[in-house]
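**Student:** What follows is a structure written as structure tokens; I'll ask about it next.
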Amino acid sequence: MGPVVVFVPLDAAARSVGADDVAIAIVREAAVRQRDIRLVRNGSRGMFWLEPLVEVSTPEGRVAYGPVEAGNVGELLDAGMLDGAPHRLCLGKTEEIPQLRRQTRFTFARVGINDPLSVADYEATGGLAGLRRALGMTPQEIVTAVTDSGLRGRGGAGFPAGIKWQTVLNMPSGLKFIACNADEGDSGTFADRMLMEGDPFLLVEGMAIAGLAVGANEGYIYIRSEYPDAVATLSAAVDIAYLNGWVGPSVLGTDRSFDLHLRVGAGSYICGEETAMLESLEGRRGMIRAKPPLPAIAGLLGKPTVVNNVLTLATVPPILAKGAEAFRELGVGRSRGTQVFQLAGNIKHGGIVETAFGVTLGELVEEYGGGTASGRPVRAVQVGGPLGAYLPTSRFDLPMDYEAFAAAGAMVGHGGIVVFDETVDMSHQARFAMEFCAEESCGKCTPCRVGAVRGVEVIDRIIAGVDREANLELLEDLCETMVDGSLCAMGGLTPLPVRSALKHFPEDFEQVKAVPL
Amino acid sequence: MVSKTRSSYVPWSQERAVAIFERHRTERGALMPILHELQDVFGHIDPRAVDLVAEELNLSKAEVYGVVTFYKDFRSEPPGTSVIRVCRGEACQSMGAERLARHAREHLAVDFGGTTSDGAVTLEQVFCLGNCALSPAVLVDGRLKGRVDEAGFDELVAASRTEAR
Ligand SMILES: Cc1cc2nc3c(=O)[nH]c(=O)nc-3n(C[C@H](O)[C@H](O)[C@H](O)COP(=O)(O)O)c2cc1C
Ligand code: SF4
Ligand code: FES
């Protein structure tokens with residue numbers, strides 16, 4: 001009998017609650033008991049309430065235990081964990097944990113399964129199939145497959161990926177770039193991080209395919225500095241991809257070349273906006289560029305550039321491997337395929353839910369998420385990051401769908417859902433939206449730069465009960481000005497959380513309270 | 001690239017700085033990688049580094065300062081032995097991050113961006129660390145921590161102080 005394979009995630013979130021200590025304890029306790037094990041540090045399955053989640057390979061499949069503390073390990077081994085034996089922390093077969101079983105893992109198929117940096121694991125689980133297929137296709141055929149799949153950008157705006165790629169392909173050949181947006185600045189989102197830590201080769205593969213599709217030989221990944229673990233894993237993955245000839249002068253032994261570089265951000269939310277990201281990649285301040293020209297026409301160094309989010313690019317390899325139809329048949333309306341939703345904040349079962357578009361907000365929060373972590377009733381959820389709307393539970397019937405959300409005055413964005421219980425004060429959340437905008441504005445246009453600072457002051461006066469009616473009117477005017485006069489969505493969308501808080505939770509703006517510090 | 005753990009910074013050395021510059025000079029948009037590495041090695045962006053970079057990249061000093069001051073990561077002063085970043089993003093707020101942020105400032109008697117008088121800890125605020133299902137989150141010298149309450153924060157500070165000795 002070979003060694004028992006034991007999995008303990010290396011994902012930063014799992015480590016943040018003690019996965020490293022658990023891994024060390026398992027190695028130590030197994031040695032004490034003279035049990036032969038092979039420890040694999042995998043990505044996370046994305047069920048964070050169960051982290052650190054330990055899995056053991058058995059003839060019947062992987063059996064899960066969690067949440068495990070280092071102090072439980074001796075007892076778990078004595079109970080027979082290495083043979084998949086029952087214990088109060090035993091969750092049964094991992095694949096049958098209800099929240100996981102119901103998901104459709106398309107982009108995240110490999111996250112949590114493999115050692116993220118194992119070339120053998122990657123190829124054994126279907127890795128490189130998309131790239132190999134792409135190498136046998138014409139650029140137009142690749143772009144058409146992406147268009148046919150219905151894939152839309154996962155970074156927030158939901159722009160059809162195929163149309164963007166077609167624009168870049170149609171530009172005269174010459175220097176072109178692929179720029180991956182890995183800035184993931186929205187609060188309540190962590191799917192990009194998990195993918196880069198849990199299946200980084202998939203992103204590398206997606207970028208190489210994008211290069212083949214549009215005729216670009218150079219790619220850049222712009223990753224935020226707040227993700228040190230992801231930076232380390234991804235940079236190792238890029239090195240390994242070069243060593244194995246997946247990228248570099250000859251992609252998989254062909255005459256096509258693709259060079260891939262990593263660039264680290266430096267603590268600026270606005271650098272997640274694509275033109276600010278390009279400025280930053282060029283070594284300047286992250287100031288928004290006026291559009292047009294679109295980056296697809298004149299992007300990095302003025303050259304045609306595909307700018308796509310991590311998940312957009314990582315979804316391309318399985319689309320090519322399984323066919324556009326396999327993706328397109330999932331979803332609703334014009335929101336095709338799956339989305340990697342992220343359940344965050346005050347939520348009992350927080351983490352990743354990858355499922356087809358069309359699932360309702362309520363199903364995600366109540367059924368997958370199990371309600372709040374505090375056990376108090378849900379009062380509000382913010383969907384789509386700091387620029388997204390606050391919604392009350394009466395809107396839980398909304399299907400996750402770009403168009404349905406837009407019609408409800410909200411946005412799906414990058415798919416993050418932040419849950420608040422009844423203790424939340426929505427006037428504080430509205431104030432924070434303005435504070436955040438003031439803090440992160442690039443400063444190029446007055447409605448945003450000055451408007452956000454004024455917004456904080458006006459909300460403070462409303463909270464303090466000073467001339468409430470007049471100040472509410474002033475706030476509405478300010479929002480109007482920001483929406484109409486801002487160059488980008490930072491200033492243009494900040495009124496969304498503010499107005500939605502006012503609209504759905506007016507009572508929170510009515511009593512006099514202390515102004516938050 | 002990104003300092004993973006508490007770094008032991010070296011005093012300013014023109015030679016070392018030139019070597020960093022040489023390693024990156026042919027890269028596209030070399031300024032950001034250069035500034036990151038300068039800060040990783042020296043702990044902050046020294047005015048002499050600004051002079052060097054401006055001269056070598058053919059930029060004005062004002063342009064280089066403009067970049068250094070635009071990005072919150074770049075410091076003009078050396079940090080404390082430990083850098084603790086408390087998340088104030090909405091997901092963490094929903095789990096008490098504002099209380100934690102207030103506590104952190106009181107406990108360390110500094111504001112965000114400040115360093116304790118003994119030089120042990122620099123406290124910073126950050127908006128999202130990608131740990132939003134295990135809020136509140138804190139980053140201690142590049143190591144992510146989840147579900148950090150006030151008592152947990154004090155322990156992290158105490159551990160940093162012990163490690164520093
Ligand atoms: C203020 C602001 C912040 C943004 N932050 C991000 C981000 O962190 N990650 C991202 O992929 N897109 C972000 N976007 C969207 C990008 O501008 C762009 O639409 C996206 O990278 C395009 O890729 P996609 O089509 O694959 O989504 C942001 C937009 C704005 C206005
Ligand atoms: S809206 Fe704000 S962030 Fe966008 S360009 Fe104007 S000042 Fe910059
Ligand atoms: S909001 Fe704090 S980790 Fe995301």
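Chain lettering (A, B, ...) mirrors the order of the structure tokens, residue numbering begins at 1 for each chain separately, and ligand numbering begins at 1 in order of display.
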Name all residues at most 12 Å from Ala164 of chain B (count only C-alpha atoms; drop same-chain ones fewer than 6 positions away) and give them as a ChimeraX atom specification.
**Tutor:** /B:6-8,80-83,118-121,141,157-158
**Student:** Emit the selected residues as a PDB file, in the first residue's frame, including all heavy atoms.
**Tutor:**
```pdb
ATOM      1  N   ARG B   6       8.342  40.140   7.466  1.00  0.00           N
ATOM      2  CA  ARG B   6       9.112  41.243   7.992  1.00  0.00           C
ATOM      3  C   ARG B   6      10.492  41.218   7.328  1.00  0.00           C
ATOM      4  O   ARG B   6      11.198  40.226   7.312  1.00  0.00           O
ATOM      5  CB  ARG B   6       9.235  41.006   9.491  1.00  0.00           C
ATOM      6  CG  ARG B   6      10.056  41.955  10.251  1.00  0.00           C
ATOM      7  CD  ARG B   6      10.538  41.281  11.527  1.00  0.00           C
ATOM      8  NE  ARG B   6       9.484  40.513  12.183  1.00  0.00           N
ATOM      9  CZ  ARG B   6       8.623  41.006  13.053  1.00  0.00           C
ATOM     10  NH1 ARG B   6       8.657  42.269  13.347  1.00  0.00           N
ATOM     11  NH2 ARG B   6       7.727  40.233  13.623  1.00  0.00           N
ATOM     12  N   SER B   7      10.858  42.322   6.737  1.00  0.00           N
ATOM     13  CA  SER B   7      12.133  42.325   6.018  1.00  0.00           C
ATOM     14  C   SER B   7      13.193  42.950   6.903  1.00  0.00           C
ATOM     15  O   SER B   7      12.904  43.800   7.724  1.00  0.00           O
ATOM     16  CB  SER B   7      12.021  43.150   4.753  1.00  0.00           C
ATOM     17  OG  SER B   7      10.832  42.855   4.082  1.00  0.00           O
ATOM     18  N   SER B   8      14.415  42.525   6.695  1.00  0.00           N
ATOM     19  CA  SER B   8      15.489  43.275   7.337  1.00  0.00           C
ATOM     20  C   SER B   8      16.022  44.197   6.259  1.00  0.00           C
ATOM     21  O   SER B   8      16.572  43.742   5.266  1.00  0.00           O
ATOM     22  CB  SER B   8      16.559  42.343   7.869  1.00  0.00           C
ATOM     23  OG  SER B   8      16.654  41.215   7.036  1.00  0.00           O
ATOM     24  N   GLY B  80       7.774  50.637  10.723  1.00  0.00           N
ATOM     25  CA  GLY B  80       8.138  49.939  11.944  1.00  0.00           C
ATOM     26  C   GLY B  80       8.590  48.515  11.624  1.00  0.00           C
ATOM     27  O   GLY B  80       8.549  48.086  10.473  1.00  0.00           O
ATOM     28  N   THR B  81       9.006  47.803  12.661  1.00  0.00           N
ATOM     29  CA  THR B  81       9.501  46.440  12.445  1.00  0.00           C
ATOM     30  C   THR B  81       8.419  45.560  11.828  1.00  0.00           C
ATOM     31  O   THR B  81       8.689  44.742  10.964  1.00  0.00           O
ATOM     32  CB  THR B  81       9.946  45.833  13.795  1.00  0.00           C
ATOM     33  OG1 THR B  81      10.706  46.821  14.489  1.00  0.00           O
ATOM     34  CG2 THR B  81      10.796  44.600  13.586  1.00  0.00           C
ATOM     35  N   SER B  82       7.182  45.743  12.292  1.00  0.00           N
ATOM     36  CA  SER B  82       6.053  45.021  11.718  1.00  0.00           C
ATOM     37  C   SER B  82       5.103  46.003  11.055  1.00  0.00           C
ATOM     38  O   SER B  82       4.943  47.121  11.534  1.00  0.00           O
ATOM     39  CB  SER B  82       5.257  44.324  12.822  1.00  0.00           C
ATOM     40  OG  SER B  82       5.736  43.032  13.024  1.00  0.00           O
ATOM     41  N   VAL B  83       4.482  45.556   9.980  1.00  0.00           N
ATOM     42  CA  VAL B  83       3.435  46.371   9.369  1.00  0.00           C
ATOM     43  C   VAL B  83       2.124  45.599   9.492  1.00  0.00           C
ATOM     44  O   VAL B  83       2.010  44.470   9.013  1.00  0.00           O
ATOM     45  CB  VAL B  83       3.730  46.675   7.893  1.00  0.00           C
ATOM     46  CG1 VAL B  83       2.577  47.452   7.277  1.00  0.00           C
ATOM     47  CG2 VAL B  83       5.036  47.438   7.755  1.00  0.00           C
ATOM     48  N   ASP B 118       7.723  53.096  19.928  1.00  0.00           N
ATOM     49  CA  ASP B 118       8.876  52.202  20.077  1.00  0.00           C
ATOM     50  C   ASP B 118       9.353  51.640  18.727  1.00  0.00           C
ATOM     51  O   ASP B 118      10.259  50.804  18.676  1.00  0.00           O
ATOM     52  CB  ASP B 118       8.547  51.046  21.036  1.00  0.00           C
ATOM     53  CG  ASP B 118       7.397  50.175  20.520  1.00  0.00           C
ATOM     54  OD1 ASP B 118       6.792  50.539  19.489  1.00  0.00           O
ATOM     55  OD2 ASP B 118       7.106  49.136  21.146  1.00  0.00           O
ATOM     56  N   GLY B 119       8.722  52.082  17.641  1.00  0.00           N
ATOM     57  CA  GLY B 119       9.153  51.628  16.313  1.00  0.00           C
ATOM     58  C   GLY B 119       8.760  50.194  15.993  1.00  0.00           C
ATOM     59  O   GLY B 119       9.188  49.636  14.990  1.00  0.00           O
ATOM     60  N   ALA B 120       7.926  49.585  16.832  1.00  0.00           N
ATOM     61  CA  ALA B 120       7.613  48.163  16.628  1.00  0.00           C
ATOM     62  C   ALA B 120       6.585  47.933  15.525  1.00  0.00           C
ATOM     63  O   ALA B 120       6.706  46.996  14.748  1.00  0.00           O
ATOM     64  CB  ALA B 120       7.119  47.546  17.935  1.00  0.00           C
ATOM     65  N   VAL B 121       5.565  48.785  15.477  1.00  0.00           N
ATOM     66  CA  VAL B 121       4.449  48.494  14.576  1.00  0.00           C
ATOM     67  C   VAL B 121       4.038  49.723  13.771  1.00  0.00           C
ATOM     68  O   VAL B 121       3.867  50.812  14.327  1.00  0.00           O
ATOM     69  CB  VAL B 121       3.207  48.011  15.376  1.00  0.00           C
ATOM     70  CG1 VAL B 121       2.031  47.747  14.441  1.00  0.00           C
ATOM     71  CG2 VAL B 121       3.524  46.758  16.185  1.00  0.00           C
ATOM     72  N   ASP B 141       2.605  41.664   8.264  1.00  0.00           N
ATOM     73  CA  ASP B 141       3.843  41.401   7.525  1.00  0.00           C
ATOM     74  C   ASP B 141       3.614  40.405   6.381  1.00  0.00           C
ATOM     75  O   ASP B 141       4.351  39.434   6.212  1.00  0.00           O
ATOM     76  CB  ASP B 141       4.926  40.877   8.472  1.00  0.00           C
ATOM     77  CG  ASP B 141       5.265  41.896   9.542  1.00  0.00           C
ATOM     78  OD1 ASP B 141       5.353  43.087   9.205  1.00  0.00           O
ATOM     79  OD2 ASP B 141       5.404  41.508  10.718  1.00  0.00           O
ATOM     80  N   VAL B 157      -0.413  41.618  17.814  1.00  0.00           N
ATOM     81  CA  VAL B 157       0.549  42.678  18.115  1.00  0.00           C
ATOM     82  C   VAL B 157       1.606  42.156  19.083  1.00  0.00           C
ATOM     83  O   VAL B 157       2.808  42.355  18.876  1.00  0.00           O
ATOM     84  CB  VAL B 157      -0.160  43.912  18.722  1.00  0.00           C
ATOM     85  CG1 VAL B 157       0.850  44.921  19.248  1.00  0.00           C
ATOM     86  CG2 VAL B 157      -1.075  44.560  17.681  1.00  0.00           C
ATOM     87  N   ALA B 158       1.139  41.452  20.105  1.00  0.00           N
ATOM     88  CA  ALA B 158       2.082  40.922  21.097  1.00  0.00           C
ATOM     89  C   ALA B 158       3.062  39.960  20.430  1.00  0.00           C
ATOM     90  O   ALA B 158       4.269  40.001  20.696  1.00  0.00           O
ATOM     91  CB  ALA B 158       1.321  40.222  22.222  1.00  0.00           C
TER      92      ALA B 158
END
```
**Student:** Could I get the residues of chain A with an atom no further than 7 Å from an atom of ligand 3, each paired with its nearest atom pair and that distance in Å to one decimal, using only C-alpha atoms and all ligand atoms, sorted by chain and residue number, as JSON lines?
**Tutor:**
```
{"residue": "A:Ser187", "atom": "CA", "partner": "ligand 3", "partner_atom_place_in_ligand_line": "1 (S)", "distance": 4.3}
{"residue": "A:Gly188", "atom": "CA", "partner": "ligand 3", "partner_atom_place_in_ligand_line": "4 (Fe)", "distance": 5.0}
{"residue": "A:Thr189", "atom": "CA", "partner": "ligand 3", "partner_atom_place_in_ligand_line": "4 (Fe)", "distance": 6.5}
```
**Student:** Which protein, DNA or RNA residues have an atom within 7 Å of ligand 1, counting only C-alpha atoms and all ligand atoms, as a PyMOL selection string?
**Tutor:** chain A and resi 152-161+181-186+269-275+307-310+312+488-490
**Student:** Name each residue within 9 Å of ligand 2, counting only C-alpha atoms and all ligand atoms, as an MDAnalysis selection string.
**Tutor:** chainID A and resid 270 273 276 286:290 437:438 440:450 452 482:483 485:493
**Student:** As a PDB file with N, CA and C atoms, in the first residue's frame, please: every residue in segment 375-422 of chain A that a backbone DSSP assignment puts in alpha helix (DSSP H).
**Tutor:**
```
ATOM      1  N   TYR A 402     -27.173  39.936 -15.530  1.00  0.00           N
ATOM      2  CA  TYR A 402     -26.750  41.328 -15.723  1.00  0.00           C
ATOM      3  C   TYR A 402     -27.929  42.252 -15.991  1.00  0.00           C
ATOM      4  N   GLU A 403     -28.826  41.807 -16.898  1.00  0.00           N
ATOM      5  CA  GLU A 403     -29.915  42.688 -17.309  1.00  0.00           C
ATOM      6  C   GLU A 403     -30.959  42.859 -16.207  1.00  0.00           C
ATOM      7  N   ALA A 404     -31.278  41.754 -15.501  1.00  0.00           N
ATOM      8  CA  ALA A 404     -32.269  41.855 -14.431  1.00  0.00           C
ATOM      9  C   ALA A 404     -31.768  42.781 -13.317  1.00  0.00           C
ATOM     10  N   PHE A 405     -30.480  42.695 -13.019  1.00  0.00           N
ATOM     11  CA  PHE A 405     -29.927  43.561 -11.984  1.00  0.00           C
ATOM     12  C   PHE A 405     -29.938  45.023 -12.433  1.00  0.00           C
ATOM     13  N   ALA A 406     -29.535  45.247 -13.681  1.00  0.00           N
ATOM     14  CA  ALA A 406     -29.538  46.625 -14.184  1.00  0.00           C
ATOM     15  C   ALA A 406     -30.946  47.205 -14.111  1.00  0.00           C
ATOM     16  N   ALA A 407     -31.937  46.400 -14.472  1.00  0.00           N
ATOM     17  CA  ALA A 407     -33.321  46.885 -14.449  1.00  0.00           C
ATOM     18  C   ALA A 407     -33.771  47.203 -13.030  1.00  0.00           C
TER      19      ALA A 407
END
```
**Student:** As a PyMOL selection string, could you give me every residue of chain A near chain B (at most 7 Å apart, counting only C-alpha atoms)?
**Tutor:** chain A and resi 12-13+16-17+48+185+187-190+193+225-228+266-268+281-285+343-346+350-351+418+420
**Student:** Tell me, as a list in words, which residues lie within 12 Å of Val40 of chain A, counting only C-alpha atoms; anything in the same chain fewer than 6 positions away does not count.
**Tutor:**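 These residues fall inside the cut-off: Pro3, Val4, Val5, Val6, Phe7, Val8, Pro9, Leu10, Asp20, Ala23, Ile24, Ile26, Val27, Val54, Glu55, Val56, Ser57, Gly112, Ile113, Asn114, Asp115, Pro116, Leu117, Ser118 and Asp121 of chain A.
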**Student:** Quick one: residues within 12 Å of Leu474 of chain A, only C-alpha atoms counted, chain neighbours fewer than 6 positions away excluded, as a list in words?
**Tutor:**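 Listed by chain and then number, they are Gly451, Arg454, Gly455, Val456, Glu457, Val458, Ile459, Arg461, Ile462, Asp467, Arg468, Glu480 and Thr481 of chain A.
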**Student:** Using all heavy atoms, can you export the residues from the last selection as a compact mmCIF listing (two decimals), in the first residue's frame?
**Tutor:**
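The new file out09.txt reads:
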```txt
# COMPACT_ATOMS: atom_id res chain seq x y z
N GLY A 451 -16.85 66.05 -5.25
CA GLY A 451 -18.19 65.58 -4.90
C GLY A 451 -18.20 64.57 -3.78
O GLY A 451 -19.04 64.61 -2.89
N ARG A 454 -17.52 66.26 -0.44
CA ARG A 454 -18.75 66.96 -0.05
C ARG A 454 -19.81 65.95 0.39
O ARG A 454 -20.55 66.20 1.34
CB ARG A 454 -19.28 67.78 -1.24
CG ARG A 454 -18.40 68.93 -1.64
CD ARG A 454 -18.70 70.18 -0.83
NE ARG A 454 -19.93 70.85 -1.27
CZ ARG A 454 -20.88 71.26 -0.45
NH1 ARG A 454 -20.78 71.03 0.84
NH2 ARG A 454 -21.94 71.87 -0.93
N GLY A 455 -19.87 64.84 -0.29
CA GLY A 455 -20.85 63.80 0.04
C GLY A 455 -20.72 63.34 1.47
O GLY A 455 -21.72 63.18 2.19
N VAL A 456 -19.49 63.14 1.92
CA VAL A 456 -19.27 62.71 3.30
C VAL A 456 -19.79 63.78 4.25
O VAL A 456 -20.51 63.49 5.22
CB VAL A 456 -17.76 62.44 3.56
CG1 VAL A 456 -17.51 62.15 5.03
CG2 VAL A 456 -17.26 61.29 2.69
N GLU A 457 -19.46 65.03 3.96
CA GLU A 457 -19.89 66.13 4.84
C GLU A 457 -21.41 66.23 4.91
O GLU A 457 -21.98 66.39 6.00
CB GLU A 457 -19.33 67.47 4.33
CG GLU A 457 -17.82 67.57 4.37
CD GLU A 457 -17.28 68.71 3.50
OE1 GLU A 457 -18.09 69.47 2.88
OE2 GLU A 457 -16.05 68.84 3.42
N VAL A 458 -22.04 66.11 3.76
CA VAL A 458 -23.49 66.25 3.72
C VAL A 458 -24.16 65.10 4.48
O VAL A 458 -25.09 65.32 5.25
CB VAL A 458 -23.99 66.31 2.25
CG1 VAL A 458 -25.51 66.26 2.19
CG2 VAL A 458 -23.47 67.56 1.57
N ILE A 459 -23.65 63.89 4.29
CA ILE A 459 -24.25 62.75 5.01
C ILE A 459 -24.01 62.91 6.52
O ILE A 459 -24.89 62.61 7.33
CB ILE A 459 -23.70 61.41 4.48
CG1 ILE A 459 -24.13 61.22 3.01
CG2 ILE A 459 -24.23 60.24 5.33
CD1 ILE A 459 -23.58 59.99 2.33
N ARG A 461 -23.99 65.65 8.11
CA ARG A 461 -25.00 66.60 8.60
C ARG A 461 -26.37 65.94 8.69
O ARG A 461 -27.11 66.17 9.64
CB ARG A 461 -25.04 67.84 7.70
CG ARG A 461 -24.06 68.90 8.21
CD ARG A 461 -24.13 70.17 7.37
NE ARG A 461 -22.89 70.32 6.63
CZ ARG A 461 -22.80 70.51 5.33
NH1 ARG A 461 -23.88 70.61 4.59
NH2 ARG A 461 -21.62 70.63 4.77
N ILE A 462 -26.67 65.09 7.72
CA ILE A 462 -27.96 64.38 7.76
C ILE A 462 -28.02 63.50 9.01
O ILE A 462 -28.99 63.49 9.76
CB ILE A 462 -28.17 63.54 6.48
CG1 ILE A 462 -28.28 64.45 5.27
CG2 ILE A 462 -29.40 62.64 6.62
CD1 ILE A 462 -28.24 63.73 3.93
N ASP A 467 -30.49 70.41 9.44
CA ASP A 467 -31.20 70.74 8.19
C ASP A 467 -31.43 69.51 7.33
O ASP A 467 -31.03 69.47 6.16
CB ASP A 467 -30.39 71.75 7.34
CG ASP A 467 -30.43 73.14 7.94
OD1 ASP A 467 -31.39 73.41 8.69
OD2 ASP A 467 -29.51 73.91 7.66
N ARG A 468 -32.05 68.52 7.91
CA ARG A 468 -32.11 67.24 7.22
C ARG A 468 -32.68 67.35 5.80
O ARG A 468 -32.07 66.87 4.85
CB ARG A 468 -32.90 66.23 8.04
CG ARG A 468 -32.97 64.88 7.33
CD ARG A 468 -33.50 63.77 8.19
NE ARG A 468 -32.57 63.41 9.24
CZ ARG A 468 -32.86 63.48 10.52
NH1 ARG A 468 -34.03 63.90 10.92
NH2 ARG A 468 -31.97 63.11 11.41
N GLU A 480 -26.52 63.33 -8.51
CA GLU A 480 -26.83 63.65 -9.90
C GLU A 480 -25.58 64.15 -10.63
O GLU A 480 -25.24 63.68 -11.72
CB GLU A 480 -27.91 64.75 -9.89
CG GLU A 480 -28.66 64.93 -11.18
CD GLU A 480 -29.61 63.76 -11.47
OE1 GLU A 480 -30.30 63.34 -10.51
OE2 GLU A 480 -29.62 63.29 -12.61
N THR A 481 -24.90 65.08 -10.00
CA THR A 481 -23.70 65.67 -10.61
C THR A 481 -22.62 64.61 -10.82
O THR A 481 -21.95 64.58 -11.85
CB THR A 481 -23.13 66.78 -9.69
OG1 THR A 481 -24.19 67.68 -9.39
CG2 THR A 481 -22.00 67.53 -10.35
```
